[in-house]
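J.: Structure file protein06.txt, compact mmCIF, C-alpha atoms, is pasted below:
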```txt
# COMPACT_ATOMS: atom_id res chain seq x y z
CA MET A 29 9.56 -44.02 -25.18
CA ILE A 30 6.99 -45.25 -22.67
CA SER A 31 7.98 -47.88 -20.12
CA PHE A 32 6.10 -49.99 -17.60
CA GLU A 33 7.99 -51.21 -14.54
CA LEU A 34 6.45 -54.52 -13.50
CA GLY A 35 7.13 -56.40 -10.28
CA VAL A 36 6.51 -60.09 -9.58
CA GLU A 37 2.94 -59.39 -8.44
CA ASP A 38 2.27 -57.32 -11.54
CA LEU A 39 3.42 -60.13 -13.82
CA ALA A 40 1.24 -62.54 -11.86
CA ASP A 41 -1.66 -60.16 -12.50
CA THR A 42 -1.03 -59.83 -16.25
CA ARG A 43 -4.32 -60.48 -18.01
CA PHE A 44 -6.19 -59.94 -21.28
CA ALA A 45 -9.38 -58.18 -22.29
CA VAL A 46 -11.49 -57.41 -25.35
CA SER A 47 -12.53 -53.80 -25.99
CA PRO A 48 -15.13 -53.05 -28.70
CA LEU A 49 -14.95 -49.30 -28.03
CA SER A 50 -11.15 -49.18 -28.34
CA GLU A 51 -11.37 -51.23 -31.53
CA THR A 52 -13.93 -48.77 -32.92
CA VAL A 53 -11.88 -45.70 -32.02
CA LEU A 54 -8.64 -47.22 -33.38
CA SER A 55 -10.36 -47.97 -36.67
CA LEU A 56 -10.64 -44.20 -37.19
CA ARG A 57 -6.89 -44.14 -37.81
CA VAL A 58 -7.36 -46.41 -40.82
CA LEU A 59 -10.05 -44.09 -42.20
CA HIS A 60 -7.77 -41.10 -41.54
CA ASP A 61 -4.65 -42.63 -43.10
CA PRO A 62 -5.17 -45.56 -45.51
CA GLY A 63 -1.39 -45.98 -45.77
CA LEU A 64 -1.24 -47.34 -42.22
CA SER A 65 -2.36 -50.80 -43.24
CA ALA A 66 -3.04 -52.19 -46.70
CA VAL A 67 -4.70 -55.15 -44.98
CA HIS A 68 -7.71 -53.01 -44.03
CA LEU A 69 -8.25 -51.28 -47.38
CA PRO A 70 -11.25 -53.51 -48.35
CA TRP A 71 -12.93 -52.65 -45.04
CA ARG A 72 -12.12 -48.94 -45.49
CA ARG A 73 -13.67 -48.82 -48.95
CA SER A 74 -16.88 -50.47 -47.79
CA VAL A 75 -17.19 -48.22 -44.72
CA LEU A 76 -16.58 -44.95 -46.58
CA GLY A 77 -19.45 -45.80 -48.87
CA ALA A 78 -21.80 -46.46 -45.93
CA LEU A 79 -21.22 -43.47 -43.64
CA GLY A 80 -23.90 -41.37 -45.34
CA ASP A 81 -24.72 -38.19 -43.40
CA LEU A 82 -22.46 -39.02 -40.44
CA ASP A 83 -20.48 -36.00 -39.20
CA THR A 84 -17.13 -37.18 -40.56
CA GLY A 85 -15.52 -33.81 -39.77
CA LEU A 86 -16.03 -34.35 -36.05
CA LEU A 87 -15.22 -38.04 -36.35
CA MET A 88 -11.89 -37.49 -38.10
CA SER A 89 -10.93 -34.61 -35.77
CA LEU A 90 -10.56 -37.17 -32.98
CA VAL A 91 -7.40 -38.46 -34.70
CA ALA A 92 -4.52 -36.07 -34.12
CA ALA A 93 -1.85 -35.28 -36.71
CA ARG A 94 0.52 -37.67 -34.91
CA LEU A 95 -2.29 -40.30 -34.86
CA THR A 96 -2.80 -40.12 -31.10
CA LEU A 97 -6.32 -40.46 -29.69
CA PRO A 98 -7.92 -39.01 -26.54
CA ASP A 99 -7.64 -41.45 -23.63
CA PHE A 100 -11.21 -41.00 -22.43
CA LEU A 101 -12.48 -42.66 -25.63
CA THR A 102 -10.40 -45.76 -24.96
CA PRO A 103 -11.20 -46.48 -21.31
CA ARG A 104 -9.37 -49.34 -19.61
CA PRO A 105 -11.71 -52.38 -19.78
CA THR A 106 -13.06 -53.30 -16.34
CA ALA A 107 -14.08 -56.83 -17.39
CA PHE A 108 -12.77 -59.45 -19.78
CA ALA A 109 -15.30 -58.61 -22.50
CA PRO A 110 -17.38 -55.51 -21.78
CA SER A 111 -20.10 -54.60 -24.26
CA PHE A 112 -19.78 -51.54 -26.48
CA GLY A 113 -22.63 -49.93 -24.56
CA GLU A 114 -20.91 -50.44 -21.21
CA GLU A 115 -17.67 -48.91 -22.44
CA LEU A 116 -19.43 -46.00 -24.13
CA ALA A 117 -21.35 -45.29 -20.89
CA ALA A 118 -17.99 -45.08 -19.09
CA ALA A 119 -16.72 -42.60 -21.68
CA ARG A 120 -19.89 -40.53 -21.28
CA ARG A 121 -19.27 -40.31 -17.52
CA THR A 122 -15.86 -38.69 -18.03
CA ALA A 123 -15.61 -35.35 -16.24
CA SER A 124 -15.32 -32.25 -18.42
CA ALA A 125 -11.90 -31.42 -17.01
CA GLN A 126 -10.53 -34.80 -18.06
CA VAL A 127 -12.16 -34.60 -21.50
CA ARG A 128 -10.47 -31.24 -22.03
CA ARG A 129 -7.13 -32.54 -20.75
CA ASP A 130 -7.24 -35.69 -22.91
CA LEU A 131 -8.17 -33.83 -26.10
CA LEU A 132 -5.43 -31.25 -25.59
CA ALA A 133 -2.86 -33.97 -24.77
CA ALA A 134 -3.78 -36.01 -27.84
CA HIS A 135 -3.38 -33.01 -30.18
CA ALA A 136 -0.35 -31.45 -28.48
CA PRO A 137 1.71 -29.53 -29.39
CA GLY A 138 -0.77 -28.29 -31.98
CA ARG A 139 -4.11 -26.56 -31.53
CA LEU A 140 -7.39 -28.45 -31.45
CA PRO A 141 -9.16 -28.71 -34.82
CA ALA A 142 -12.28 -26.58 -35.25
CA PRO A 143 -14.82 -29.33 -34.44
CA LEU A 144 -13.17 -29.77 -31.01
CA ALA A 145 -12.59 -26.09 -30.28
CA ALA A 146 -15.10 -26.09 -27.39
CA ALA A 147 -12.54 -28.05 -25.35
CA GLU A 148 -10.15 -25.08 -25.41
CA THR A 149 -12.61 -22.96 -23.45
CA GLY A 150 -13.14 -23.06 -19.72
CA ASP A 151 -16.85 -23.77 -20.17
CA ASP A 152 -17.56 -27.17 -18.61
CA THR A 153 -21.08 -27.20 -20.05
CA ALA A 154 -19.75 -26.76 -23.59
CA VAL A 155 -17.13 -29.50 -23.07
CA ALA A 156 -19.76 -31.88 -21.68
CA ALA A 157 -21.98 -31.20 -24.69
CA LEU A 158 -19.03 -31.93 -27.01
CA ARG A 159 -18.31 -35.18 -25.14
CA ASP A 160 -21.94 -36.27 -25.53
CA ARG A 161 -21.97 -35.43 -29.27
CA VAL A 162 -18.79 -37.44 -29.79
CA CYS A 163 -20.19 -40.43 -27.91
CA ALA A 164 -23.47 -40.33 -29.85
CA LEU A 165 -21.50 -40.14 -33.09
CA LEU A 166 -19.31 -43.09 -32.11
CA LEU A 167 -22.41 -45.17 -31.40
CA ARG A 168 -23.70 -44.58 -34.93
CA TYR A 169 -20.25 -45.21 -36.38
CA TRP A 170 -19.93 -48.49 -34.41
CA GLU A 171 -23.29 -49.69 -35.75
CA ILE A 172 -22.22 -49.01 -39.35
CA ALA A 173 -18.52 -49.83 -39.40
CA VAL A 174 -17.60 -52.33 -36.68
CA GLU A 175 -20.63 -54.04 -35.13
CA PRO A 176 -21.49 -56.09 -38.27
CA LEU A 177 -18.08 -57.75 -38.18
CA TRP A 178 -17.59 -57.80 -34.41
CA PRO A 179 -18.18 -61.59 -34.02
CA GLN A 180 -15.34 -62.26 -36.48
CA VAL A 181 -13.09 -59.65 -34.86
CA ARG A 182 -13.64 -61.21 -31.46
CA LEU A 183 -12.69 -64.65 -32.78
CA VAL A 184 -9.42 -63.23 -34.13
CA VAL A 185 -8.44 -61.40 -30.92
CA GLU A 186 -9.37 -64.35 -28.70
CA ALA A 187 -7.20 -66.62 -30.86
CA ASP A 188 -4.36 -64.15 -30.29
CA MET A 189 -4.97 -64.27 -26.51
CA THR A 190 -4.72 -68.06 -26.57
CA TYR A 191 -1.42 -67.85 -28.45
CA ARG A 192 -0.05 -65.23 -26.02
CA ALA A 193 -1.15 -67.19 -22.95
CA ARG A 194 0.73 -70.21 -24.27
CA ARG A 195 3.84 -68.10 -24.87
CA LEU A 196 3.65 -66.84 -21.28
CA ALA A 197 3.27 -70.38 -19.95
CA MET A 198 6.24 -71.65 -22.01
CA GLY A 199 8.74 -68.84 -21.52
CA GLY A 200 7.44 -66.23 -19.09
CA ALA A 201 7.30 -62.50 -19.76
CA ARG A 202 10.33 -62.52 -22.06
CA LEU A 203 8.66 -64.90 -24.52
CA LEU A 204 5.25 -63.26 -24.14
CA PHE A 205 6.53 -59.84 -25.25
CA ALA A 206 9.16 -61.06 -27.73
CA ASP A 207 7.03 -61.06 -30.88
CA ILE A 208 4.18 -58.63 -30.16
CA HIS A 209 5.86 -55.76 -32.03
CA PRO A 210 9.44 -54.75 -32.97
CA SER A 211 9.16 -51.57 -30.86
CA MET A 212 8.57 -53.56 -27.66
CA ARG A 213 11.32 -55.07 -25.52
CA TRP A 214 11.46 -56.62 -22.07
CA ARG A 215 14.53 -56.04 -19.94
CA HIS A 216 15.22 -56.25 -16.20
CA GLY A 217 11.57 -56.09 -15.17
CA VAL A 218 10.68 -53.17 -17.44
CA LEU A 219 8.58 -53.30 -20.60
CA HIS A 220 9.90 -50.64 -22.99
CA ILE A 221 7.76 -49.33 -25.86
CA ASP A 222 9.96 -47.40 -28.27
CA LYS A 223 9.07 -44.92 -31.03
CA MET A 224 6.26 -43.31 -29.06
CA ASN A 225 5.26 -39.65 -29.29
CA ASP A 226 5.28 -39.36 -25.49
CA ARG A 227 7.95 -40.18 -22.92
CA HIS A 228 7.18 -41.41 -19.42
CA HIS A 229 7.92 -44.22 -17.00
CA VAL A 230 5.06 -45.87 -15.10
CA LYS A 231 5.49 -48.08 -12.04
CA ALA A 232 2.75 -50.70 -11.91
CA SER A 233 3.03 -50.88 -8.10
CA GLY A 234 0.72 -53.87 -7.76
CA ARG A 235 -1.82 -52.75 -10.36
CA GLY A 236 -0.83 -55.46 -12.85
CA LEU A 237 -0.73 -55.21 -16.64
CA LEU A 238 -3.73 -55.43 -18.95
CA LEU A 239 -3.19 -56.49 -22.59
CA VAL A 240 -5.83 -55.80 -25.24
CA PRO A 241 -5.27 -57.22 -28.74
CA SER A 242 -6.73 -55.20 -31.61
CA VAL A 243 -7.11 -55.89 -35.32
CA PHE A 244 -6.95 -52.15 -36.10
CA ALA A 245 -3.86 -51.29 -34.02
CA HIS A 246 -0.81 -50.87 -36.26
CA LYS A 247 1.57 -50.53 -33.32
CA PRO A 248 1.41 -50.73 -29.49
CA ALA A 249 -0.94 -48.10 -28.06
CA PRO A 250 -0.46 -47.38 -24.35
CA PRO A 251 -2.40 -44.54 -22.67
CA VAL A 252 -1.18 -41.03 -23.42
CA SER A 253 -1.43 -40.14 -19.71
CA ALA A 254 1.27 -41.29 -17.30
CA GLN A 255 -1.38 -41.37 -14.54
CA GLU A 256 -3.15 -44.40 -16.03
CA ALA A 257 -2.53 -47.89 -14.66
CA PRO A 258 -0.37 -49.95 -17.06
CA TRP A 259 -2.32 -51.33 -19.98
CA LEU A 260 -1.60 -51.73 -23.63
CA ILE A 261 -3.51 -52.18 -26.86
CA TYR A 262 -1.36 -54.10 -29.33
CA PRO A 263 -1.69 -55.46 -32.92
CA SER A 264 -3.44 -58.83 -32.98
CA ARG A 265 -2.24 -61.75 -35.01
CA GLY A 266 -4.53 -62.88 -37.83
CA ALA A 267 -6.02 -59.48 -38.72
CA ALA A 268 -5.49 -60.13 -42.43
CA THR A 269 -7.84 -63.12 -42.32
CA LEU A 270 -10.83 -60.83 -41.73
CA TRP A 271 -11.02 -59.41 -45.24
CA GLY A 272 -10.57 -62.47 -47.40
CA ALA A 273 -6.78 -62.59 -47.43
CA GLU A 274 -5.17 -65.97 -47.98
CA PRO A 275 -5.40 -67.93 -44.72
CA ASP A 276 -2.28 -67.90 -42.56
CA GLY A 277 0.12 -70.68 -43.41
CA ALA A 278 -1.71 -71.80 -46.56
CA ARG A 279 0.69 -72.88 -49.28
CA ALA A 280 -0.05 -74.65 -52.53
CA GLY A 281 1.78 -77.64 -53.91
CA THR A 282 3.66 -78.86 -50.83
CA ALA A 283 4.69 -82.48 -50.41
CA LEU A 284 1.92 -83.02 -47.83
CA VAL A 285 -0.96 -82.44 -50.26
CA PRO A 286 -0.78 -85.91 -51.90
CA LEU A 287 -0.56 -87.48 -48.44
CA LEU A 288 -3.26 -85.56 -46.55
CA GLY A 289 -5.26 -83.83 -49.25
CA ALA A 290 -5.31 -80.03 -49.67
CA PRO A 291 -7.94 -79.24 -46.98
CA ARG A 292 -6.17 -81.22 -44.24
CA GLU A 293 -2.78 -79.89 -45.28
CA ARG A 294 -4.07 -76.32 -44.89
CA LEU A 295 -5.59 -77.17 -41.51
CA LEU A 296 -2.32 -78.63 -40.29
CA ARG A 297 -0.46 -75.49 -41.35
CA LEU A 298 -2.96 -73.26 -39.55
CA LEU A 299 -2.73 -75.25 -36.33
CA ALA A 300 0.71 -73.97 -35.39
CA GLU A 301 -1.36 -72.05 -32.80
CA PRO A 302 -4.41 -73.24 -30.84
CA LEU A 303 -7.63 -72.47 -32.72
CA ALA A 304 -11.30 -73.36 -32.33
CA THR A 305 -13.34 -75.06 -35.04
CA VAL A 306 -15.38 -71.94 -35.80
CA GLU A 307 -12.24 -69.81 -36.23
CA LEU A 308 -10.68 -72.41 -38.54
CA ALA A 309 -13.86 -72.45 -40.59
CA ARG A 310 -13.85 -68.66 -40.84
CA ARG A 311 -10.25 -68.54 -41.99
CA LEU A 312 -10.74 -71.30 -44.56
CA ARG A 313 -14.15 -69.93 -45.59
CA VAL A 314 -15.89 -73.30 -45.21
CA THR A 315 -18.52 -74.62 -42.80
CA PRO A 316 -17.62 -75.69 -39.22
CA SER A 317 -18.99 -79.17 -39.96
CA ALA A 318 -16.54 -79.58 -42.86
CA VAL A 319 -13.66 -78.54 -40.59
CA SER A 320 -14.84 -80.94 -37.86
CA GLN A 321 -14.70 -83.88 -40.25
CA HIS A 322 -11.09 -83.16 -41.19
CA LEU A 323 -10.11 -82.50 -37.57
CA ARG A 324 -11.47 -85.91 -36.55
CA VAL A 325 -9.20 -87.57 -39.11
CA LEU A 326 -6.13 -85.55 -38.06
CA TYR A 327 -6.84 -86.23 -34.38
CA ALA A 328 -7.25 -89.97 -34.95
CA ALA A 329 -3.90 -89.98 -36.78
CA GLY A 330 -2.20 -88.26 -33.84
CA LEU A 331 -1.38 -85.14 -35.85
CA VAL A 332 -3.36 -82.71 -33.68
CA THR A 333 -4.24 -82.44 -30.01
CA ARG A 334 -7.33 -80.87 -28.45
CA ALA A 335 -8.12 -79.22 -25.14
CA ARG A 336 -11.22 -77.54 -23.77
CA GLN A 337 -11.01 -73.84 -22.88
CA GLY A 338 -14.28 -72.59 -21.45
CA ARG A 339 -17.00 -73.45 -23.94
CA GLN A 340 -14.55 -73.97 -26.81
CA VAL A 341 -12.42 -76.91 -27.85
CA LEU A 342 -9.05 -75.72 -29.13
CA TYR A 343 -7.02 -77.77 -31.59
CA ARG A 344 -3.28 -77.56 -32.12
CA ARG A 345 -0.63 -79.57 -33.93
CA SER A 346 0.92 -82.38 -31.92
CA PRO A 347 4.71 -82.94 -31.95
CA LEU A 348 4.13 -85.46 -34.75
CA GLY A 349 2.07 -82.86 -36.61
CA ASP A 350 4.85 -80.29 -36.12
CA ALA A 351 7.38 -82.69 -37.62
CA LEU A 352 5.13 -83.43 -40.57
CA ALA A 353 4.37 -79.74 -41.18
CA ALA A 354 8.10 -79.08 -41.41
CA VAL A 355 8.19 -81.19 -44.58
CA ASP A 356 8.15 -78.99 -47.72
```
Please lay out the structure from this file as C-alpha cells.
T.:
Amino acid sequence: MISFELGVEDLADTRFAVSPLSETVLSLRVLHDPGLSAVHLPWRRSVLGALGDLDTGLLMSLVAARLTLPDFLTPRPTAFAPSFGEELAAARRTASAQVRRDLLAAHAPGRLPAPLAAAETGDDTAVAALRDRVCALLLRYWEIAVEPLWPQVRLVVEADMTYRARRLAMGGARLLFADIHPSMRWRHGVLHIDKMNDRHHVKASGRGLLLVPSVFAHKPAPPVSAQEAPWLIYPSRGAATLWGAEPDGARAGTALVPLLGAPRERLLRLLAEPLATVELARRLRVTPSAVSQHLRVLYAAGLVTRARQGRQVLYRRSPLGDALAAVD
C-alpha cells in the first residue's frame, strides 16, 4: 500500500494536469498485456500493425513483470498541459544515477532484461546512452501510436477533470476520491492506495497533490519512489468512447425518445457530467453544429444549463433535466 498524508494546505493545493509522455509510457502496458483492458484492443491492433522497424524489444523491456514503469519516464508535470517535447526533454535530463535507480526499482526484485542491462553497470556513460536511446525510441512511438489521437485523448481527460473538480466543490476530498478507483480510500487526512507492489507513506508537507487522469491507466499509478512529491496518475472516465464504443449513457427505446427524439435523449443522458460541444460531438460521432442545434433546444426548455470555463462552454443537465432523465 502507498499512502499520501495531506494537510489542509495540501488539499487547498490539489490540482490537475495533462501528461502526454505519461500517457504514452502507460500505453506500453496495454501493448505488453492485452488482457489489462478490452476497451483498448482496437487501438492495440492498429498500433501493432504500424510499428514497423521500431525496436519493440527495448520498448517492451520498459514494462516490468509486475507492470511497473521507471519513474524518470513519467516525470511530474510542471505545468497544466506540457507538450510531449517538454516532458521528453525533462526525461532526457535525468542523471545517470537516477536512471539506474529507477530502472532497478521498477524491475525489482528481478534482474533487468537484456535490452536494459547497461543500467546494471557502474558506467554512467553507458547508462546515459541507454537513456537517450529510450527517449529517442519513445519519440518515434509517440508519433505513431499516441500523437494522432492526442486531441481526442485530451478532450476525454479534461472532461474527467471537470467532473472531478465538481465533485471536490460539492463534497470535498471524500467525494473527490470516492469513485476514482476501488483501491483508493480517503480516511483521516490520508489517501490510501491499496494493492500496490510497493509500500511507503509520504507526507505532502505543503507540496500539495497533483492528479493526472489517463485513458491508458488501468489502476492508480503513484511514483515508485517514496522521495517524489505526492502525485497520482489515475484511470480517466470516458476512455471507452475513444475507440467507437457505445457512448456513455446511451440507451435505446426509453420513454423519453418519443418526447425528445433519439438525438436529444442521448444528449440528455450524456450530460450527467459537464461536457463541451466538441466532446459531445466526438462521443456521438456527429458534427459540433448538429450537437449545438439540439443543445439550443434543450437549453431553451430548461433541461440543461451552461457555463463558460476558459475558452469552452460546458453544458450539464439542470435539476429538471435530471428529473426527466430518471424516467425509464
J.: Between atom CA of Arg344 of chain A and atom CA of Ala300 of chain A, what is the distance in Å, rounded to a tenth?
T.: 6.3 Å
J.: Skip Ser111 of chain A itself and residues of its chain fewer than 4 positions away, then list as a short mmCIF file (atom, residue, chain, number, x, y, z; two decimals) with C-alpha atoms, in the frame of the given file all residues within 8 Å of it, counting all atoms listed in the file.
T.:
```
data_model
loop_
_atom_site.label_atom_id
_atom_site.label_comp_id
_atom_site.auth_asym_id
_atom_site.auth_seq_id
_atom_site.Cartn_x
_atom_site.Cartn_y
_atom_site.Cartn_z
CA SER A 47 -12.53 -53.80 -25.99
CA PRO A 48 -15.13 -53.05 -28.70
CA GLU A 115 -17.67 -48.91 -22.44
#
```
J.: Please identify all polymer residues lying at most 10 Å from the point (-16.1, -56.2, -26.3) (file coordinates), using all atoms listed in the file, and present the result as a list in words.
T.: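 It turns out the residues near that spot are Ala45, Val46, Ser47, Pro48, Leu49, Ser50, Glu51, Pro105, Ala107, Phe108, Ala109, Pro110, Ser111, Phe112, Gly113, Glu114, Glu115, Trp178, Pro179, Val181 and Arg182 of chain A.
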J.: Just to confirm, what's the straight-line distance from atom CA of Thr42 of chain A to atom CA of Leu237 of chain A in Å (one decimal)?
T.: 4.6 Å
J.: In Å, rounded to a single decimal, give me how far atom CA of Ser242 of chain A is from atom CA of Leu39 of chain A.
T.: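 Separation of atom CA of Leu39 of chain A and atom CA of Ser242 of chain A: 21.1 Å.
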J.: Against segment 71-75 of chain A, which residues of segment 158-185 of chain A fall within 12 Å? For each one I want the closest pair of atoms and the distance in Å (one decimal), counting only C-alpha atoms, rows by chain and increasing residue number, as JSON lines.
T.:
```
{"residue": "A:Tyr169", "atom": "CA", "partner": "A:Val75", "partner_atom": "CA", "distance": 9.4}
{"residue": "A:Trp170", "atom": "CA", "partner": "A:Val75", "partner_atom": "CA", "distance": 10.7}
{"residue": "A:Glu171", "atom": "CA", "partner": "A:Val75", "partner_atom": "CA", "distance": 10.9}
{"residue": "A:Ile172", "atom": "CA", "partner": "A:Val75", "partner_atom": "CA", "distance": 7.4}
{"residue": "A:Ala173", "atom": "CA", "partner": "A:Val75", "partner_atom": "CA", "distance": 5.7}
{"residue": "A:Val174", "atom": "CA", "partner": "A:Val75", "partner_atom": "CA", "distance": 9.0}
{"residue": "A:Glu175", "atom": "CA", "partner": "A:Val75", "partner_atom": "CA", "distance": 11.7}
{"residue": "A:Pro176", "atom": "CA", "partner": "A:Val75", "partner_atom": "CA", "distance": 11.0}
{"residue": "A:Leu177", "atom": "CA", "partner": "A:Trp71", "partner_atom": "CA", "distance": 10.0}
```
J.: Using only C-alpha atoms, which of A:Ser233, A:Ala92, A:Ala290, A:Arg213 sits nearest Pro258 of chain A?
T.: A:Ser233
J.: Give as a list of chain:residue names the set of residues within 10 Å of the point (5.9, -39.2, -22.0), where distances use the file's coordinates and all atoms listed in the file.
T.: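 Counting all atoms listed in the file, I find these residues within 10 Å of (5.9, -39.2, -22.0): A:Met29, A:Ile30, A:Ser31, A:Met224, A:Asn225, A:Asp226, A:Arg227, A:His228, A:His229, A:Val230, A:Pro251, A:Val252, A:Ser253, A:Ala254.
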J.: Using all atoms listed in the file, find the one residue out of A:Val184, A:Lys231, A:Gly349, A:His246 that sits nearest to Glu307 of chain A.
T.: A:Val184
